[in-house]
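Here's the structure, in structure tokens; my notes come after.
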Amino acid sequence: MTATLVKEASPPTPRHPGSARGRRLRRRGRVIALLFVLPALLLLGALVVYPVLFSVGRSFFDASGTTFVGGENYTEMFRDPATLKAIRNTAIWVVVAPTLLTGLGLILAVLVEKIRWATAFKLLLFMPMAVSFLAAGIIFRLAYDEDPDKGVLNAAVVSVHDAFQGSSSYPTARARDGEGLTKGADGSYATGADVSPGGPAAALGLVGVAPKDLPGDAEPAAAAAAGKAGPDEVRGVVYLDFTPGGGGEPGAVDRSEKGLPGVTVEAVRDGDPVARTTTAADGSFRFAGLDSGSYALKLPSANFAAPYDGISWLGPALVTPAIIGAYLWIWTGFAMVLIGAGLAALPRDALEAARMDGANEWQIFRRITVPLLAPVLTVVFVTLVINVMKVFDLVYIIAPGPVQEDATVLATQMWLVSFGGGNNQGLGSALGVLLLLLVVPAMVFNVRRFRRSQR
Amino acid sequence: MNALRRGLSSTVVQAFLVVIALVWMTPLAGLFLSSLRSAEETAEGGWWTVFTSPGQLSFENYSALLGNSGITQAFWNTVLISVPTTVLVVVVAALAGYAFAWLDFPGRDAVFLLVVALLVVPVQIGLLPVAKLFGQLGLFGTIPGVVLFHVAYGLPFAVFLLRNYFAEMPKEMLEAARMDGGSEWRIFTRLVLPVGRPAIASLAIFQFLWVWNDMLVALLFADSSAQPLTVQLQSQIRQFGSNVDVLAPGAFLSLVVPVVVFFAFQRHFVQGVMAGSVK
């Protein structure tokens, strides 16, 4: 991008070459020129060039800085598990993030050309570039929160999961001992095989559900418990065997006790479930069309399963992908806008000609757009690689304390080793030099590109 | 048939981009809504519950934030760091950029190549040596120290950008000014700076946001009385974990300035970021 700004510049030609006056003027001109560049050179020399040299030198000394250890710090880097982890994670970052960003940027840049609100869309996606990594870190720390009542991502994951799998309604419910229901090995509850069609309604009492956790539509179960079943019917009620305020009788459906809606009930004959239903608002259920005989009623374990909690985004396994996700949020707009600028500069004729020849959109994209865009894609990719190598704030902020060492990258590790407790400035300097070495190819690339533009 | 297919595919594209736009807005919307809820409400449910009970929203967190002297102090520190840095970078880089483009001095092109090489030097490598240097000079922990560090690491890009922009000026223009006997200083202030305004604007906005958003440099170089918002907020995280009622409004406060700057100067900003992409 910058290369387009570069044009040839030439020094002013002295107006009186050779003459004494001309020489004096030239010397005066040089003094003035030096005064113009001096502030910049002083600052760059003292705070950038000198530190680079200092760090290179310091990296050959031990933690205290008094003993020369040669390449010891550099071999230590690949021995120490924490730094090794940092190098591995940085490698993951450098491969994954720029690839995803360039791909996503390319797709969006092509698609956004087809809509009318392209400008608004580009602005919206570019805006996160203005937000600090710290603020983005806080945003995603909140979004990735493991509790589905706090983190929006897990809230979404859990509601999708529950929509497909169904959620268990009463994870805390259990039956009182000796009141008809026995607990199976798998966590289900079942009656004995003594229920027959046409008999009195079965009352299956559960406890352990806090009144505030009852569904809002739960109704008293007493009326349903008194109902009579038809000749080929089994009826019953699942209810909360607990009277708020006290006074209830265990094992009996008291007047104020409520049914438990939404409980799955199975009728089991000789060990095989033959019918299945779900309780109504008053906790009642009913199986019709049963052959005569005796059945057991079973409340399958799914009724009592622990609720699904979602994904542990910031756990050791997923923390790096999660932080890369936050990075995508920040940088996708950049990739899209840069690639979009490249797209706008593509020769329209080539695209038109291909369209005339009957190529479809996908063929045009694969065979024409992408190859022509290759230089722009390279610049975007290289830029992202350079930036990804130095990623610090996001990892430092998003990874929770205990997971920090699973998420660590070169920049955070360098910080940790030098200042954050490690206090080994020899190793810290070596890590800094490693970071510098990693960007040297980019340095060479810039210098070459610049010199070429000057010819 | 073809038209139908095209219409259908454009609807699919629209829908896809609408989804992407919503996904991109959700994190910021979530932060903003979280910042308007009390600690108790946050403990009970996520920010999306405001859509069913909007009564939770209030600006109390923000008024508490304004009464929090640590945060207000940090806000002013952020201003005191980013504004002088921006001014200094622009002035120093404009002077040097003009000299590199139009003045003659020994080693000019070699030195400029060195500046180009410095473009990608990571700030990390400067932290330790400069911390020692500043320690000796009594600058460590102070706002001027933070500013100087930022200026130095902003310079390679700034000099590069302005030198290239100035070099594009027509030669005749400068020669005419020199013929008229204008001093270099006069030419610089009366001619070069006004002509270079677009590049200077891009640079200033880019530099301002860069420094406003920095955490790493200030984390090391600013002591507790000099720390900017970013450092203050991260120390809140370290101390208290996720106390959303402070973090969310704090983060929102820290990002509202850059976002306003972004929307006010979007073109300059985009150009600055794109030009800075080699950094």
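Following the order of the structure tokens, first chain is A, next is B, and so on, with residues numbered from 1 inside each chain and ligands from 1 in the order they appear.
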Show me, as a PyMOL selection string, the residues of chain B whose atoms get within 6 Å of chain A, using only C-alpha atoms for the distance check. chain B and resi 31+45-46+92+95-96+99+101-105+117+125-126+129+152+164+167-168+213+251+255+258-259+275+277-278
Long-range neighbours of segment 228-235 of chain B as a ChimeraX atom specification, 10 Å cut-off, only C-alpha atoms, 2 positions minimum in chain: /A:132-135,137-138,393,396-397 /B:70-82,143,212-220,222-226,237-241,246-248,250-251,253-255
Output file for the residues above (N, CA and C atoms, as a short mmCIF file (atom, residue, chain, number, x, y, z; two decimals), in the first residue's frame):
data_model
loop_
_atom_site.label_atom_id
_atom_site.label_comp_id
_atom_site.auth_asym_id
_atom_site.auth_seq_id
_atom_site.Cartn_x
_atom_site.Cartn_y
_atom_site.Cartn_z
N SER A 132 -9.66 -0.66 21.45
CA SER A 132 -8.40 -1.19 21.98
C SER A 132 -8.51 -2.69 22.21
N PHE A 133 -7.36 -3.35 22.19
CA PHE A 133 -7.33 -4.78 22.50
C PHE A 133 -7.85 -5.01 23.91
N LEU A 134 -7.59 -4.04 24.80
CA LEU A 134 -8.07 -4.20 26.16
C LEU A 134 -9.59 -4.25 26.20
N ALA A 135 -10.23 -3.27 25.53
CA ALA A 135 -11.69 -3.24 25.54
C ALA A 135 -12.24 -4.48 24.85
N GLY A 137 -10.77 -7.27 24.70
CA GLY A 137 -10.50 -8.36 25.64
C GLY A 137 -11.60 -8.46 26.69
N ILE A 138 -12.00 -7.32 27.23
CA ILE A 138 -13.07 -7.32 28.24
C ILE A 138 -14.37 -7.82 27.60
N ASP A 393 -1.88 -8.04 24.23
CA ASP A 393 -2.97 -7.60 25.11
C ASP A 393 -4.12 -8.59 25.17
N TYR A 396 -3.28 -11.59 27.17
CA TYR A 396 -3.07 -11.18 28.56
C TYR A 396 -4.39 -10.92 29.27
N ILE A 397 -5.36 -10.37 28.53
CA ILE A 397 -6.63 -9.99 29.15
C ILE A 397 -7.64 -11.15 29.15
N GLY B 70 -9.78 6.79 40.67
CA GLY B 70 -8.80 6.03 39.90
C GLY B 70 -9.10 6.09 38.42
N ILE B 71 -10.39 5.91 38.09
CA ILE B 71 -10.78 5.87 36.69
C ILE B 71 -10.69 7.25 36.05
N THR B 72 -11.20 8.30 36.75
CA THR B 72 -11.17 9.63 36.13
C THR B 72 -9.72 10.08 35.94
N GLN B 73 -8.89 9.82 36.95
CA GLN B 73 -7.46 10.16 36.83
C GLN B 73 -6.86 9.45 35.61
N ALA B 74 -7.20 8.14 35.48
CA ALA B 74 -6.65 7.36 34.37
C ALA B 74 -7.13 7.92 33.03
N PHE B 75 -8.38 8.38 32.99
CA PHE B 75 -8.89 8.96 31.75
C PHE B 75 -8.05 10.17 31.35
N TRP B 76 -7.79 11.06 32.34
CA TRP B 76 -6.99 12.25 32.02
C TRP B 76 -5.57 11.87 31.65
N ASN B 77 -5.02 10.86 32.33
CA ASN B 77 -3.68 10.41 31.96
C ASN B 77 -3.65 9.95 30.51
N THR B 78 -4.72 9.25 30.10
CA THR B 78 -4.77 8.78 28.71
C THR B 78 -4.70 9.97 27.76
N VAL B 79 -5.46 11.04 28.10
CA VAL B 79 -5.43 12.24 27.26
C VAL B 79 -4.03 12.86 27.29
N LEU B 80 -3.45 12.95 28.49
CA LEU B 80 -2.14 13.59 28.64
C LEU B 80 -1.03 12.79 27.97
N ILE B 81 -1.27 11.51 27.74
CA ILE B 81 -0.27 10.71 27.03
C ILE B 81 -0.50 10.80 25.53
N SER B 82 -1.76 10.63 25.10
CA SER B 82 -1.96 10.48 23.65
C SER B 82 -1.90 11.81 22.89
N ILE B 143 4.68 10.26 33.01
CA ILE B 143 3.99 10.45 31.74
C ILE B 143 4.96 10.85 30.63
N TRP B 212 -3.75 5.87 22.28
CA TRP B 212 -4.91 5.81 23.18
C TRP B 212 -5.19 4.35 23.56
N ASN B 213 -5.04 3.46 22.61
CA ASN B 213 -5.40 2.07 22.83
C ASN B 213 -4.27 1.23 23.40
N ASP B 214 -3.08 1.81 23.52
CA ASP B 214 -1.95 1.02 24.00
C ASP B 214 -2.14 0.57 25.45
N MET B 215 -1.72 -0.64 25.72
CA MET B 215 -1.65 -1.08 27.11
C MET B 215 -0.24 -1.49 27.48
N LEU B 216 0.42 -2.22 26.59
CA LEU B 216 1.72 -2.82 26.89
C LEU B 216 2.75 -1.80 27.37
N VAL B 217 2.92 -0.71 26.62
CA VAL B 217 3.96 0.26 26.95
C VAL B 217 3.69 0.89 28.31
N ALA B 218 2.43 1.31 28.51
CA ALA B 218 2.10 1.98 29.76
C ALA B 218 2.14 1.01 30.93
N LEU B 219 1.88 -0.26 30.66
CA LEU B 219 1.91 -1.27 31.72
C LEU B 219 3.28 -1.28 32.38
N LEU B 220 4.32 -1.07 31.57
CA LEU B 220 5.67 -1.08 32.12
C LEU B 220 6.11 0.31 32.56
N ALA B 222 4.41 3.30 33.07
CA ALA B 222 3.62 4.23 33.87
C ALA B 222 3.43 3.69 35.29
N ASP B 223 3.79 4.49 36.30
CA ASP B 223 3.47 4.04 37.66
C ASP B 223 2.01 4.39 37.96
N SER B 224 1.58 4.12 39.20
CA SER B 224 0.14 4.17 39.44
C SER B 224 -0.44 5.56 39.22
N SER B 225 0.36 6.62 39.38
CA SER B 225 -0.22 7.96 39.20
C SER B 225 -0.24 8.37 37.73
N ALA B 226 0.47 7.62 36.89
CA ALA B 226 0.56 8.00 35.47
C ALA B 226 -0.21 7.05 34.57
N ILE B 237 -9.11 -5.99 36.59
CA ILE B 237 -9.36 -7.40 36.27
C ILE B 237 -8.50 -8.28 37.16
N ARG B 238 -7.22 -7.91 37.28
CA ARG B 238 -6.30 -8.73 38.09
C ARG B 238 -6.76 -8.78 39.54
N GLN B 239 -7.27 -7.65 40.05
CA GLN B 239 -7.63 -7.61 41.47
C GLN B 239 -8.96 -8.28 41.76
N PHE B 240 -9.96 -7.98 40.96
CA PHE B 240 -11.31 -8.39 41.34
C PHE B 240 -11.94 -9.40 40.40
N GLY B 241 -11.23 -9.83 39.36
CA GLY B 241 -11.87 -10.71 38.40
C GLY B 241 -12.89 -9.92 37.60
N VAL B 246 -18.08 -2.50 36.93
CA VAL B 246 -17.02 -1.50 36.75
C VAL B 246 -16.35 -1.68 35.40
N LEU B 247 -16.06 -2.95 35.04
CA LEU B 247 -15.31 -3.21 33.81
C LEU B 247 -16.08 -2.78 32.56
N ALA B 248 -17.38 -3.11 32.52
CA ALA B 248 -18.13 -2.83 31.29
C ALA B 248 -18.22 -1.32 31.02
N GLY B 250 -16.28 0.96 32.20
CA GLY B 250 -14.91 1.43 32.00
C GLY B 250 -14.43 1.16 30.60
N ALA B 251 -14.66 -0.08 30.14
CA ALA B 251 -14.24 -0.42 28.78
C ALA B 251 -15.00 0.43 27.77
N LEU B 253 -16.18 3.44 28.25
CA LEU B 253 -15.60 4.79 28.32
C LEU B 253 -14.31 4.84 27.50
N SER B 254 -13.49 3.79 27.61
CA SER B 254 -12.21 3.82 26.91
C SER B 254 -12.39 3.67 25.41
N LEU B 255 -13.48 3.03 24.97
CA LEU B 255 -13.59 2.85 23.53
C LEU B 255 -14.47 3.90 22.86
#
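Here atom CA of Val116 of chain B stands at a distance of 12.0 Å from atom CA of Phe100 of chain B.
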Residues at most 12 Å from Thr277 of chain A, counting only C-alpha atoms, excluding those fewer than 6 positions away in the same chain, as a list in words?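 In the requested format, the answer is Val234, Arg235, Gly236, Val237, Val238, Pro261, Gly262, Val263, Thr264, Val265, Glu266, Ala267, Val268, Gly283, Ser284, Phe285, Arg286, Phe287, Ala288, Leu297, Lys298, Leu299 and Pro300 of chain A.
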Those residues you just picked out, can you put them in a file as an mmCIF file, in the first residue's frame with C-alpha atoms?
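The resulting again.cif:
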data_model
loop_
_atom_site.group_PDB
_atom_site.id
_atom_site.type_symbol
_atom_site.label_atom_id
_atom_site.label_comp_id
_atom_site.auth_asym_id
_atom_site.auth_seq_id
_atom_site.Cartn_x
_atom_site.Cartn_y
_atom_site.Cartn_z
ATOM 1 C CA VAL A 234 -53.620 -46.270 33.377
ATOM 2 C CA ARG A 235 -53.836 -42.866 34.981
ATOM 3 C CA GLY A 236 -51.671 -41.131 37.469
ATOM 4 C CA VAL A 237 -50.040 -37.968 38.608
ATOM 5 C CA VAL A 238 -46.472 -36.885 39.227
ATOM 6 C CA PRO A 261 -45.550 -30.681 34.363
ATOM 7 C CA GLY A 262 -43.347 -31.967 31.584
ATOM 8 C CA VAL A 263 -42.118 -35.148 33.244
ATOM 9 C CA THR A 264 -41.674 -38.115 30.939
ATOM 10 C CA VAL A 265 -43.434 -41.260 32.162
ATOM 11 C CA GLU A 266 -43.127 -44.763 30.705
ATOM 12 C CA ALA A 267 -45.371 -47.740 31.174
ATOM 13 C CA VAL A 268 -43.141 -50.807 31.436
ATOM 14 C CA GLY A 283 -48.828 -33.398 36.732
ATOM 15 C CA SER A 284 -51.371 -35.884 35.391
ATOM 16 C CA PHE A 285 -50.636 -38.519 32.789
ATOM 17 C CA ARG A 286 -52.670 -41.179 31.107
ATOM 18 C CA PHE A 287 -51.917 -44.263 29.007
ATOM 19 C CA ALA A 288 -54.822 -45.468 26.903
ATOM 20 C CA LEU A 297 -44.405 -46.907 35.853
ATOM 21 C CA LYS A 298 -41.016 -45.510 35.205
ATOM 22 C CA LEU A 299 -39.647 -41.949 35.270
ATOM 23 C CA PRO A 300 -36.601 -42.217 32.935
#
Could you work out how far atom CA of Pro316 of chain A lies from atom CA of Ser159 of chain A, giving the answer in Å with one decimal? 23.9 Å
List every residue of segment 53-224 of chain B that DSSP, applied to the backbone of this structure, places in helix (DSSP H, G or I), and write the result as a ChimeraX atom specification. /B:54-56,60-66,69-102,108-118,124-137,143-167,171-179,184-195,197-212,216-221
Residue neighbourhood Gln207 of chain B, 9 Å, only C-alpha atoms, exclusion window fewer than 6 positions, as number ranges by chain: B: 82, 85-86, 89-90, 154, 158, 272
Put those residues in a file: C-alpha atoms, as a PDB file, in the first residue's frame.
ATOM      1  CA  SER B  82      -1.959  10.482  23.652  1.00  0.00           C
ATOM      2  CA  THR B  85       2.542  12.012  21.659  1.00  0.00           C
ATOM      3  CA  THR B  86       0.490  12.753  18.575  1.00  0.00           C
ATOM      4  CA  VAL B  89       5.264  12.573  16.371  1.00  0.00           C
ATOM      5  CA  VAL B  90       3.728  14.815  13.737  1.00  0.00           C
ATOM      6  CA  GLY B 154       5.834   5.898  16.202  1.00  0.00           C
ATOM      7  CA  ALA B 158       5.522   8.575  10.589  1.00  0.00           C
ATOM      8  CA  GLY B 272      -3.843   5.691   7.908  1.00  0.00           C
TER       9      GLY B 272
END
Counting only C-alpha atoms, which of A:Glu361, A:Val376, A:Thr191, A:Gly421 gets nearest to Ser9 of chain B? A:Glu361
Near-segment 268-270 of chain B list (9 Å; only C-alpha atoms; drop same-chain fewer than 3 positions) as a list in words: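 Counting only C-alpha atoms, the residues come to Phe126, Ala130, Phe334 and Val337 of chain A; Pro198, Ala199, Ala201, Ser202, Leu203, Ile205, Phe206, Val261, Phe262, Phe263, Phe265, Val273, Met274 and Ala275 of chain B.
The interatomic distance for the pair atom CA of Leu318 of chain A and atom CA of Ala86 of chain A works out to 15.4 Å.
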